[in-house]
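What follows is the content of final25.cif (mmCIF, C-alpha atoms and all ligand atoms).
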```
data_work
loop_
_atom_site.group_PDB
_atom_site.id
_atom_site.type_symbol
_atom_site.label_atom_id
_atom_site.label_comp_id
_atom_site.auth_asym_id
_atom_site.auth_seq_id
_atom_site.Cartn_x
_atom_site.Cartn_y
_atom_site.Cartn_z
ATOM 1 C CA ILE A 1 -163.437 -60.647 -127.138
ATOM 2 C CA VAL A 2 -159.970 -60.335 -125.672
ATOM 3 C CA ILE A 3 -158.900 -63.116 -123.302
ATOM 4 C CA THR A 4 -155.754 -62.580 -121.282
ATOM 5 C CA ARG A 5 -154.818 -66.224 -120.574
ATOM 6 C CA LYS A 6 -154.901 -69.406 -122.595
ATOM 7 C CA LEU A 7 -158.214 -71.026 -121.636
ATOM 8 C CA PRO A 8 -159.325 -74.536 -122.586
ATOM 9 C CA GLU A 9 -161.167 -74.922 -125.901
ATOM 10 C CA LYS A 10 -164.144 -76.471 -124.122
ATOM 11 C CA ALA A 11 -164.714 -73.349 -122.072
ATOM 12 C CA LEU A 12 -164.819 -71.129 -125.150
ATOM 13 C CA ALA A 13 -166.960 -73.256 -127.468
ATOM 14 C CA SER A 14 -170.164 -71.231 -127.024
ATOM 15 C CA LEU A 15 -168.461 -67.856 -127.454
ATOM 16 C CA LYS A 16 -166.562 -69.013 -130.531
ATOM 17 C CA LYS A 17 -169.813 -69.688 -132.371
ATOM 18 C CA LYS A 18 -170.839 -66.044 -132.115
ATOM 19 C CA TYR A 19 -167.756 -63.913 -131.574
ATOM 20 C CA CYS A 20 -164.230 -63.311 -132.691
ATOM 21 C CA ILE A 21 -161.781 -64.279 -129.951
ATOM 22 C CA ASP A 22 -158.322 -62.813 -129.492
ATOM 23 C CA MET A 23 -156.603 -64.879 -126.800
ATOM 24 C CA TRP A 24 -153.130 -64.632 -125.279
ATOM 25 C CA GLU A 25 -151.717 -68.050 -126.227
ATOM 26 C CA SER A 26 -148.704 -68.577 -123.981
ATOM 27 C CA GLU A 27 -149.149 -70.827 -120.953
ATOM 28 C CA GLU A 28 -145.731 -69.984 -119.522
ATOM 29 C CA ARG A 29 -146.247 -66.313 -118.972
ATOM 30 C CA ALA A 30 -149.081 -63.898 -118.451
ATOM 31 C CA ALA A 31 -150.162 -61.463 -121.146
ATOM 32 C CA PRO A 32 -147.934 -58.384 -120.857
ATOM 33 C CA ARG A 33 -149.632 -55.119 -120.051
ATOM 34 C CA GLU A 34 -148.571 -53.651 -123.430
ATOM 35 C CA TRP A 35 -150.345 -56.502 -125.247
ATOM 36 C CA LEU A 36 -153.574 -55.868 -123.367
ATOM 37 C CA GLN A 37 -153.210 -52.108 -123.751
ATOM 38 C CA GLU A 38 -153.069 -52.551 -127.525
ATOM 39 C CA LYS A 39 -155.812 -55.197 -127.773
ATOM 40 C CA ILE A 40 -158.276 -53.459 -125.463
ATOM 41 C CA LYS A 41 -158.602 -50.568 -127.916
ATOM 42 C CA GLY A 42 -160.636 -52.716 -130.289
ATOM 43 C CA ALA A 43 -162.318 -54.986 -127.759
ATOM 44 C CA ASP A 44 -166.039 -55.216 -126.988
ATOM 45 C CA ALA A 45 -165.334 -57.510 -124.052
ATOM 46 C CA VAL A 46 -162.364 -58.588 -121.957
ATOM 47 C CA LEU A 47 -162.096 -61.820 -120.017
ATOM 48 C CA SER A 48 -159.461 -60.914 -117.451
ATOM 49 C CA MET A 49 -157.561 -62.504 -114.589
ATOM 50 C CA LEU A 50 -156.732 -61.180 -111.173
ATOM 51 C CA SER A 51 -153.178 -60.414 -112.219
ATOM 52 C CA ASP A 52 -154.283 -58.042 -115.013
ATOM 53 C CA ARG A 53 -154.346 -54.502 -113.680
ATOM 54 C CA LEU A 54 -157.316 -52.845 -115.368
ATOM 55 C CA ASP A 55 -156.715 -49.315 -114.160
ATOM 56 C CA GLU A 56 -157.685 -45.926 -115.531
ATOM 57 C CA GLU A 57 -154.638 -45.700 -117.804
ATOM 58 C CA LEU A 58 -155.551 -48.983 -119.464
ATOM 59 C CA LEU A 59 -159.308 -48.468 -119.581
ATOM 60 C CA GLU A 60 -158.991 -44.969 -121.036
ATOM 61 C CA GLY A 61 -158.036 -46.471 -124.385
ATOM 62 C CA ALA A 62 -160.933 -48.934 -124.366
ATOM 63 C CA ASN A 63 -163.385 -47.019 -126.480
ATOM 64 C CA ARG A 64 -165.660 -49.895 -127.464
ATOM 65 C CA LEU A 65 -165.442 -51.906 -124.284
ATOM 66 C CA GLN A 66 -168.835 -52.959 -122.912
ATOM 67 C CA VAL A 67 -167.934 -55.605 -120.376
ATOM 68 C CA ILE A 68 -165.072 -56.937 -118.271
ATOM 69 C CA ALA A 69 -165.571 -60.479 -116.971
ATOM 70 C CA ASN A 70 -162.993 -61.150 -114.270
ATOM 71 C CA LEU A 71 -162.208 -64.809 -113.599
ATOM 72 C CA ALA A 72 -162.390 -64.306 -109.830
ATOM 73 C CA VAL A 73 -164.808 -63.307 -107.118
ATOM 74 C CA GLY A 74 -162.427 -60.492 -106.142
ATOM 75 C CA TYR A 75 -162.056 -57.457 -108.377
ATOM 76 C CA ASP A 76 -159.408 -55.396 -106.624
ATOM 77 C CA ASN A 77 -157.447 -55.458 -109.914
ATOM 78 C CA ILE A 78 -160.104 -53.301 -111.600
ATOM 79 C CA ASP A 79 -160.757 -49.583 -111.210
ATOM 80 C CA ILE A 80 -164.495 -49.989 -110.581
ATOM 81 C CA PRO A 81 -165.358 -46.270 -110.254
ATOM 82 C CA PHE A 82 -163.654 -45.538 -113.577
ATOM 83 C CA ALA A 83 -165.345 -48.508 -115.279
ATOM 84 C CA ASN A 84 -168.723 -47.344 -113.931
ATOM 85 C CA LYS A 85 -168.089 -43.819 -115.133
ATOM 86 C CA SER A 86 -167.169 -45.141 -118.566
ATOM 87 C CA GLY A 87 -170.260 -47.342 -118.829
ATOM 88 C CA ILE A 88 -168.234 -50.559 -118.758
ATOM 89 C CA ARG A 89 -170.051 -53.378 -116.947
ATOM 90 C CA VAL A 90 -167.849 -55.407 -114.603
ATOM 91 C CA CYS A 91 -168.681 -59.012 -113.724
ATOM 92 C CA ASN A 92 -167.073 -61.444 -111.292
ATOM 93 C CA THR A 93 -167.550 -65.107 -110.360
ATOM 94 C CA PRO A 94 -169.142 -65.299 -106.899
ATOM 95 C CA ASP A 95 -170.940 -68.323 -105.408
ATOM 96 C CA VAL A 96 -169.581 -70.968 -107.793
ATOM 97 C CA LEU A 97 -166.236 -70.940 -105.976
ATOM 98 C CA THR A 98 -167.434 -70.582 -102.392
ATOM 99 C CA GLU A 99 -167.304 -74.204 -101.229
ATOM 100 C CA THR A 100 -164.118 -75.043 -103.134
ATOM 101 C CA THR A 101 -162.293 -72.066 -101.659
ATOM 102 C CA ALA A 102 -163.579 -72.937 -98.192
ATOM 103 C CA ASP A 103 -162.276 -76.504 -98.669
ATOM 104 C CA LEU A 104 -158.814 -75.203 -99.507
ATOM 105 C CA THR A 105 -158.851 -72.714 -96.641
ATOM 106 C CA PHE A 106 -159.715 -75.450 -94.175
ATOM 107 C CA ALA A 107 -157.104 -77.739 -95.728
ATOM 108 C CA LEU A 108 -154.523 -74.994 -95.269
ATOM 109 C CA LEU A 109 -155.563 -74.606 -91.637
ATOM 110 C CA MET A 110 -155.313 -78.338 -90.992
ATOM 111 C CA ALA A 111 -152.076 -78.764 -92.911
ATOM 112 C CA SER A 112 -150.469 -75.864 -91.055
ATOM 113 C CA ALA A 113 -151.473 -77.092 -87.616
ATOM 114 C CA ARG A 114 -150.534 -80.725 -88.285
ATOM 115 C CA ARG A 115 -147.383 -79.851 -90.271
ATOM 116 C CA ILE A 116 -148.501 -81.907 -93.245
ATOM 117 C CA GLY A 117 -146.229 -80.176 -95.788
ATOM 118 C CA GLU A 118 -143.175 -80.660 -93.592
ATOM 119 C CA ALA A 119 -144.110 -84.256 -92.753
ATOM 120 C CA ALA A 120 -144.657 -85.270 -96.377
ATOM 121 C CA GLN A 121 -141.310 -83.735 -97.316
ATOM 122 C CA PHE A 122 -139.671 -85.540 -94.399
ATOM 123 C CA VAL A 123 -140.805 -88.952 -95.639
ATOM 124 C CA LYS A 124 -140.023 -88.233 -99.306
ATOM 125 C CA GLU A 125 -136.507 -87.163 -98.423
ATOM 126 C CA GLY A 126 -135.890 -90.452 -96.603
ATOM 127 C CA ASN A 127 -135.564 -88.896 -93.140
ATOM 128 C CA TRP A 128 -137.992 -91.282 -91.397
ATOM 129 C CA LYS A 129 -135.542 -93.465 -89.512
ATOM 130 C CA SER A 130 -137.243 -94.036 -86.165
ATOM 131 C CA TRP A 131 -140.192 -93.087 -84.011
ATOM 132 C CA SER A 132 -140.075 -90.485 -81.273
ATOM 133 C CA PRO A 133 -142.939 -89.139 -79.177
ATOM 134 C CA LEU A 134 -142.790 -85.606 -80.503
ATOM 135 C CA LEU A 135 -141.875 -86.398 -84.096
ATOM 136 C CA LEU A 136 -143.451 -83.636 -86.182
ATOM 137 C CA ALA A 137 -145.955 -82.932 -83.433
ATOM 138 C CA GLY A 138 -148.293 -80.080 -84.258
ATOM 139 C CA GLY A 139 -151.271 -78.211 -82.838
ATOM 140 C CA ASP A 140 -154.793 -79.526 -82.283
ATOM 141 C CA ILE A 141 -157.752 -78.453 -84.374
ATOM 142 C CA PHE A 142 -160.802 -80.228 -82.931
ATOM 143 C CA GLY A 143 -162.438 -78.116 -80.226
ATOM 144 C CA LYS A 144 -160.151 -75.110 -80.732
ATOM 145 C CA THR A 145 -161.208 -71.538 -81.539
ATOM 146 C CA ILE A 146 -161.281 -70.197 -85.083
ATOM 147 C CA GLY A 147 -161.428 -66.440 -85.713
ATOM 148 C CA ILE A 148 -162.655 -65.487 -89.160
ATOM 149 C CA PHE A 149 -161.687 -62.051 -90.442
ATOM 150 C CA GLY A 150 -164.142 -61.316 -93.267
ATOM 151 C CA MET A 151 -167.392 -63.240 -92.844
ATOM 152 C CA GLY A 152 -168.711 -63.264 -96.404
ATOM 153 C CA SER A 153 -169.958 -66.394 -98.156
ATOM 154 C CA ILE A 154 -166.537 -68.051 -98.046
ATOM 155 C CA GLY A 155 -166.091 -67.118 -94.388
ATOM 156 C CA GLU A 156 -169.435 -68.699 -93.566
ATOM 157 C CA ALA A 157 -168.583 -71.817 -95.555
ATOM 158 C CA VAL A 158 -165.356 -72.131 -93.534
ATOM 159 C CA ALA A 159 -167.363 -71.606 -90.331
ATOM 160 C CA ARG A 160 -169.645 -74.528 -91.307
ATOM 161 C CA ARG A 161 -166.594 -76.745 -91.669
ATOM 162 C CA ALA A 162 -165.263 -75.508 -88.324
ATOM 163 C CA LYS A 163 -168.554 -76.401 -86.655
ATOM 164 C CA GLY A 164 -168.032 -79.994 -87.772
ATOM 165 C CA PHE A 165 -164.765 -79.899 -85.861
ATOM 166 C CA ASN A 166 -166.531 -78.679 -82.740
ATOM 167 C CA MET A 167 -164.637 -75.404 -82.948
ATOM 168 C CA LYS A 168 -165.702 -72.232 -81.220
ATOM 169 C CA ILE A 169 -166.336 -69.705 -83.983
ATOM 170 C CA LEU A 170 -165.469 -66.021 -83.658
ATOM 171 C CA TYR A 171 -165.764 -63.569 -86.511
ATOM 172 C CA HIS A 172 -165.026 -59.984 -87.366
ATOM 173 C CA ASN A 173 -166.816 -58.323 -90.246
ATOM 174 C CA ARG A 174 -168.104 -54.938 -91.432
ATOM 175 C CA SER A 175 -171.627 -56.058 -90.632
ATOM 176 C CA ARG A 176 -173.181 -58.618 -88.325
ATOM 177 C CA ARG A 177 -174.076 -62.003 -89.835
ATOM 178 C CA THR A 178 -177.155 -62.998 -87.884
ATOM 179 C CA GLN A 179 -177.727 -66.247 -89.732
ATOM 180 C CA ALA A 180 -174.220 -67.471 -88.901
ATOM 181 C CA GLU A 181 -174.737 -66.363 -85.320
ATOM 182 C CA GLN A 182 -177.971 -68.345 -85.055
ATOM 183 C CA GLU A 183 -177.034 -71.446 -87.032
ATOM 184 C CA LEU A 184 -173.346 -71.821 -86.240
ATOM 185 C CA ASN A 185 -173.133 -70.081 -82.874
ATOM 186 C CA ALA A 186 -170.639 -67.715 -84.467
ATOM 187 C CA VAL A 187 -169.782 -64.871 -82.113
ATOM 188 C CA TYR A 188 -169.109 -61.380 -83.399
ATOM 189 C CA THR A 189 -166.029 -59.824 -81.846
ATOM 190 C CA ASP A 190 -163.889 -56.748 -82.404
ATOM 191 C CA PHE A 191 -160.583 -57.152 -84.222
ATOM 192 C CA ASP A 192 -158.468 -57.178 -81.057
ATOM 193 C CA GLY A 193 -160.696 -59.787 -79.431
ATOM 194 C CA LEU A 194 -160.480 -61.966 -82.526
ATOM 195 C CA LEU A 195 -156.687 -61.813 -82.433
ATOM 196 C CA ALA A 196 -156.390 -62.456 -78.715
ATOM 197 C CA ASP A 197 -158.844 -65.335 -78.416
ATOM 198 C CA SER A 198 -158.366 -67.387 -81.595
ATOM 199 C CA ASP A 199 -156.189 -70.443 -82.079
ATOM 200 C CA PHE A 200 -156.553 -69.935 -85.829
ATOM 201 C CA VAL A 201 -156.956 -66.469 -87.320
ATOM 202 C CA VAL A 202 -158.287 -66.943 -90.831
ATOM 203 C CA CYS A 203 -158.248 -64.045 -93.265
ATOM 204 C CA LEU A 204 -161.027 -64.136 -95.866
ATOM 205 C CA ALA A 205 -161.763 -60.447 -96.340
ATOM 206 C CA PRO A 206 -161.669 -58.629 -99.675
ATOM 207 C CA LEU A 207 -158.774 -56.262 -100.305
ATOM 208 C CA THR A 208 -160.064 -52.729 -99.734
ATOM 209 C CA GLU A 209 -158.590 -49.484 -98.409
ATOM 210 C CA GLU A 210 -159.904 -50.578 -95.031
ATOM 211 C CA THR A 211 -158.346 -54.047 -94.984
ATOM 212 C CA GLU A 212 -155.015 -53.281 -96.674
ATOM 213 C CA GLY A 213 -152.223 -53.817 -94.125
ATOM 214 C CA ALA A 214 -154.716 -54.835 -91.401
ATOM 215 C CA PHE A 215 -152.315 -57.555 -90.256
ATOM 216 C CA GLY A 216 -149.260 -55.569 -89.191
ATOM 217 C CA ALA A 217 -146.892 -55.704 -86.212
ATOM 218 C CA GLU A 218 -149.532 -54.859 -83.630
ATOM 219 C CA ALA A 219 -151.929 -57.512 -84.890
ATOM 220 C CA PHE A 220 -149.450 -60.380 -84.665
ATOM 221 C CA GLN A 221 -148.328 -59.249 -81.207
ATOM 222 C CA LYS A 222 -151.907 -59.587 -80.025
ATOM 223 C CA MET A 223 -152.207 -63.194 -81.216
ATOM 224 C CA LYS A 224 -151.462 -66.199 -79.010
ATOM 225 C CA ALA A 225 -147.935 -67.667 -79.312
ATOM 226 C CA THR A 226 -149.574 -71.027 -80.069
ATOM 227 C CA SER A 227 -151.860 -69.672 -82.801
ATOM 228 C CA TYR A 228 -151.766 -69.975 -86.572
ATOM 229 C CA PHE A 229 -152.419 -67.318 -89.184
ATOM 230 C CA ILE A 230 -154.159 -68.470 -92.363
ATOM 231 C CA ASN A 231 -154.585 -66.229 -95.406
ATOM 232 C CA ALA A 232 -156.662 -67.339 -98.385
ATOM 233 C CA ALA A 233 -157.829 -63.850 -99.330
ATOM 234 C CA ARG A 234 -155.325 -61.275 -100.582
ATOM 235 C CA GLY A 235 -151.623 -60.799 -99.854
ATOM 236 C CA PRO A 236 -151.668 -57.018 -99.279
ATOM 237 C CA ILE A 237 -153.992 -57.419 -96.283
ATOM 238 C CA VAL A 238 -150.831 -58.593 -94.524
ATOM 239 C CA ASP A 239 -147.530 -56.827 -93.993
ATOM 240 C CA GLU A 240 -145.257 -59.734 -94.951
ATOM 241 C CA ARG A 241 -142.138 -58.374 -93.275
ATOM 242 C CA THR A 242 -144.051 -58.144 -90.019
ATOM 243 C CA LEU A 243 -145.445 -61.638 -90.446
ATOM 244 C CA TYR A 244 -141.900 -62.904 -91.003
ATOM 245 C CA ASN A 245 -140.743 -61.230 -87.779
ATOM 246 C CA ALA A 246 -143.722 -62.583 -85.843
ATOM 247 C CA LEU A 247 -142.847 -66.101 -87.030
ATOM 248 C CA ILE A 248 -139.155 -65.957 -86.223
ATOM 249 C CA ASN A 249 -139.785 -64.277 -82.862
ATOM 250 C CA GLY A 250 -142.291 -66.930 -81.828
ATOM 251 C CA GLU A 251 -145.182 -64.456 -81.591
ATOM 252 C CA ILE A 252 -147.299 -67.004 -83.482
ATOM 253 C CA ALA A 253 -146.797 -70.719 -84.140
ATOM 254 C CA GLY A 254 -147.151 -70.831 -87.907
ATOM 255 C CA ALA A 255 -148.771 -69.531 -91.053
ATOM 256 C CA GLY A 256 -150.628 -71.075 -93.975
ATOM 257 C CA LEU A 257 -150.617 -68.769 -96.963
ATOM 258 C CA ASP A 258 -152.333 -69.150 -100.316
ATOM 259 C CA VAL A 259 -151.743 -65.514 -101.282
ATOM 260 C CA PHE A 260 -148.850 -63.044 -101.252
ATOM 261 C CA GLU A 261 -148.218 -59.342 -101.601
ATOM 262 C CA ASN A 262 -146.611 -59.726 -105.023
ATOM 263 C CA GLU A 263 -147.590 -62.868 -106.883
ATOM 264 C CA PRO A 264 -146.104 -65.084 -108.145
ATOM 265 C CA ILE A 265 -143.330 -65.439 -105.572
ATOM 266 C CA GLY A 266 -139.985 -67.134 -106.208
ATOM 267 C CA ALA A 267 -137.965 -69.532 -104.052
ATOM 268 C CA GLU A 268 -135.972 -66.593 -102.647
ATOM 269 C CA HIS A 269 -139.015 -65.171 -100.837
ATOM 270 C CA PRO A 270 -138.031 -64.820 -97.136
ATOM 271 C CA LEU A 271 -141.196 -66.498 -95.828
ATOM 272 C CA LEU A 272 -140.320 -69.671 -97.736
ATOM 273 C CA SER A 273 -137.181 -70.137 -95.663
ATOM 274 C CA LEU A 274 -139.308 -70.771 -92.552
ATOM 275 C CA LYS A 275 -140.329 -74.301 -91.614
ATOM 276 C CA ASN A 276 -143.536 -73.116 -90.009
ATOM 277 C CA VAL A 277 -144.811 -71.491 -93.207
ATOM 278 C CA LEU A 278 -146.934 -73.503 -95.586
ATOM 279 C CA ALA A 279 -147.169 -71.671 -98.899
ATOM 280 C CA LEU A 280 -149.479 -72.412 -101.823
ATOM 281 C CA PRO A 281 -149.647 -70.750 -105.262
ATOM 282 C CA HIS A 282 -153.056 -69.034 -104.943
ATOM 283 C CA ILE A 283 -155.140 -72.148 -105.643
ATOM 284 C CA GLY A 284 -158.143 -71.434 -103.411
ATOM 285 C CA SER A 285 -160.724 -71.901 -106.143
ATOM 286 C CA SER A 286 -158.703 -74.364 -108.153
ATOM 287 C CA SER A 287 -160.725 -77.514 -108.483
ATOM 288 C CA ILE A 288 -161.359 -78.609 -112.064
ATOM 289 C CA GLN A 289 -165.123 -78.359 -111.668
ATOM 290 C CA THR A 290 -165.031 -74.933 -110.070
ATOM 291 C CA ARG A 291 -162.560 -73.437 -112.502
ATOM 292 C CA TYR A 292 -164.820 -74.581 -115.378
ATOM 293 C CA SER A 293 -167.851 -73.111 -113.595
ATOM 294 C CA MET A 294 -165.969 -69.826 -113.232
ATOM 295 C CA MET A 295 -165.037 -69.802 -116.911
ATOM 296 C CA ASP A 296 -168.639 -70.621 -117.865
ATOM 297 C CA LEU A 297 -169.922 -67.774 -115.725
ATOM 298 C CA CYS A 298 -167.495 -65.361 -117.399
ATOM 299 C CA THR A 299 -168.554 -66.415 -120.897
ATOM 300 C CA GLU A 300 -172.246 -66.227 -119.922
ATOM 301 C CA ASN A 301 -171.771 -62.709 -118.568
ATOM 302 C CA ILE A 302 -169.958 -61.584 -121.707
ATOM 303 C CA ASP A 303 -172.597 -63.053 -124.007
ATOM 304 C CA ALA A 304 -175.377 -61.496 -121.937
ATOM 305 C CA VAL A 305 -173.967 -57.975 -122.121
ATOM 306 C CA LEU A 306 -173.017 -58.204 -125.800
ATOM 307 C CA SER A 307 -176.496 -59.538 -126.620
ATOM 308 C CA GLY A 308 -178.220 -56.762 -124.709
ATOM 309 C CA ARG A 309 -179.288 -58.899 -121.752
ATOM 310 C CA GLU A 310 -178.527 -58.375 -118.067
ATOM 311 C CA PRO A 311 -175.372 -60.175 -116.860
ATOM 312 C CA VAL A 312 -175.768 -62.870 -114.215
ATOM 313 C CA THR A 313 -173.209 -61.634 -111.706
ATOM 314 C CA GLU A 314 -172.394 -57.985 -112.029
ATOM 315 C CA VAL A 315 -170.240 -56.036 -109.576
ATOM 316 C CA LYS A 316 -172.242 -53.028 -108.449
HETATM 317 C C1 LIG A 401 -158.847 -66.369 -108.562
HETATM 318 C C2 LIG A 401 -159.453 -65.544 -106.376
HETATM 319 O O1 LIG A 401 -159.993 -66.443 -109.294
HETATM 320 O O2 LIG A 401 -161.713 -65.501 -107.010
HETATM 321 C C3 LIG A 401 -160.775 -64.895 -106.494
HETATM 322 O O3 LIG A 401 -160.903 -63.725 -106.065
HETATM 323 O O4 LIG A 401 -158.606 -65.086 -105.709
HETATM 324 C C4 LIG A 401 -159.170 -66.782 -107.154
HETATM 325 O O5 LIG A 401 -160.259 -67.625 -107.113
HETATM 326 C C5 LIG A 401 -157.820 -67.165 -109.247
HETATM 327 O O6 LIG A 401 -156.609 -66.954 -108.632
HETATM 328 C C6 LIG A 401 -157.730 -66.808 -110.723
HETATM 329 O O7 LIG A 401 -157.543 -65.408 -110.932
#
```

Would you write the structure of this file as structure tokens?
Amino acid sequence: IVITRKLPEKALASLKKKYCIDMWESEERAAPREWLQEKIKGADAVLSMLSDRLDEELLEGANRLQVIANLAVGYDNIDIPFANKSGIRVCNTPDVLTETTADLTFALLMASARRIGEAAQFVKEGNWKSWSPLLLAGGDIFGKTIGIFGMGSIGEAVARRAKGFNMKILYHNRSRRTQAEQELNAVYTDFDGLLADSDFVVCLAPLTEETEGAFGAEAFQKMKATSYFINAARGPIVDERTLYNALINGEIAGAGLDVFENEPIGAEHPLLSLKNVLALPHIGSSSIQTRYSMMDLCTENIDAVLSGREPVTEVK
């Protein structure tokens, strides 16, 4: 079993009893593509991360490979049609990360509106010298309108949180979510309506051909000048240059971003120079408990396929 990041011993204990593990050991940098390209040739299973591109070129050399277990709910890093064609089972980690990712998404929304990153920095840097009525004043959350782009399980979990804040819930999705409509009073709206009417536009859609670049110049122009854009899904759904322009031109009030077009980003990234951008290093699912649950699900899926059983969470 090839593992492309150093994972904690505890997470691998069950696999180690039965299988031979070949794990990338460095914590400072990700496994280079060449390393994986070489290792995958002799692998029966790969435990991969979002940042490993498992495309046709790489999978072509994987003659023994039976299963890829991706440590993520998303699998846009994997060429699914090619894996299917080659008889390689692909598994992801849905459900176990839903609530944790919704927590972080809502935290990002709240922190963006109430300028929590800026305010914490302000105090730490010793700038708190006096009180003034509009000191670090932000936008309200309670009673405002949230517009969720991508109403899957995480979208619904965010909507449940929003309901607790007495927010009006709009959503845009490929299909209608009747349960959310009934239980949360979520209102289905077209994309333009979502942009125009929301105080918070929250992106939680998967990255697909359809969603790539969905948030471009036109989209930000349609949003309210007082609104916030939150992205906890995938960077390439947004055209970052356009987002930057929308922020400096006052087309929107701020952005909370957990994901970027090309991750990881460095301090020179243009969006980081803006005060009204709160940036996080793709930590949506990163609670200790959830990350262990994700690792457990990956090892369970690998063991299932290699033992001739059905995996628990297969991507179909
Ligand atoms: C990743 C994510 O799992 O699940 C996803 O799709 O984006 C995250 O939870 C995490 O960044 C590790 O790859």

Hits from the PyMOL selection byres (((not hetatm)) within 6 of (chain A and resi 401)), listed as a PyMOL selection string
chain A and resi 49-50+71-74+282+284-285

With distances taken over only C-alpha atoms, which of A:Ile148, A:Ala186, A:Ala253, A:Ile169 is nearest to Ala205 in chain A?
A:Ile148

Enclose all atoms of range 131-148 of chain A listed in the file in an axis-aligned box, grow every side by 4 Å, and hand back centre and edge lengths in Å to one decimal, as JSON.
```
{"center_x": -151.4, "center_y": -79.3, "center_z": -84.2, "size_x": 30.6, "size_y": 35.6, "size_z": 18.0}
```

Decode the PyMOL selection byres (((chain A and resi 188) around 10) and not hetatm) for the given file into explicit residues and return them as a PyMOL selection string.
chain A and resi 147-148+151+169-173+175-178+180-181+185-187+189-191+193-194

May I have the residues from that selection written out with C-alpha atoms, as a PDB file, in the coordinates of the input?
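Final file, part.pdb:
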```
ATOM      1  CA  GLY A 147    -161.428 -66.440 -85.713  1.00  0.00           C
ATOM      2  CA  ILE A 148    -162.655 -65.487 -89.160  1.00  0.00           C
ATOM      3  CA  MET A 151    -167.392 -63.240 -92.844  1.00  0.00           C
ATOM      4  CA  ILE A 169    -166.336 -69.705 -83.983  1.00  0.00           C
ATOM      5  CA  LEU A 170    -165.469 -66.021 -83.658  1.00  0.00           C
ATOM      6  CA  TYR A 171    -165.764 -63.569 -86.511  1.00  0.00           C
ATOM      7  CA  HIS A 172    -165.026 -59.984 -87.366  1.00  0.00           C
ATOM      8  CA  ASN A 173    -166.816 -58.323 -90.246  1.00  0.00           C
ATOM      9  CA  SER A 175    -171.627 -56.058 -90.632  1.00  0.00           C
ATOM     10  CA  ARG A 176    -173.181 -58.618 -88.325  1.00  0.00           C
ATOM     11  CA  ARG A 177    -174.076 -62.003 -89.835  1.00  0.00           C
ATOM     12  CA  THR A 178    -177.155 -62.998 -87.884  1.00  0.00           C
ATOM     13  CA  ALA A 180    -174.220 -67.471 -88.901  1.00  0.00           C
ATOM     14  CA  GLU A 181    -174.737 -66.363 -85.320  1.00  0.00           C
ATOM     15  CA  ASN A 185    -173.133 -70.081 -82.874  1.00  0.00           C
ATOM     16  CA  ALA A 186    -170.639 -67.715 -84.467  1.00  0.00           C
ATOM     17  CA  VAL A 187    -169.782 -64.871 -82.113  1.00  0.00           C
ATOM     18  CA  THR A 189    -166.029 -59.824 -81.846  1.00  0.00           C
ATOM     19  CA  ASP A 190    -163.889 -56.748 -82.404  1.00  0.00           C
ATOM     20  CA  PHE A 191    -160.583 -57.152 -84.222  1.00  0.00           C
ATOM     21  CA  GLY A 193    -160.696 -59.787 -79.431  1.00  0.00           C
ATOM     22  CA  LEU A 194    -160.480 -61.966 -82.526  1.00  0.00           C
TER      23      LEU A 194
END
```

Evaluating the PyMOL selection byres (((chain A and resi 23) around 6) and not hetatm) on the displayed file yields which residues, as JSON, numbers by chain?
{"A": [2, 3, 22, 24, 25]}

Distance query Leu108 in chain A at most 8 Å, all atoms listed in the file, self and fewer than 6 positions along chain excluded, as a PyMOL selection string
chain A and resi 230+256-257+278
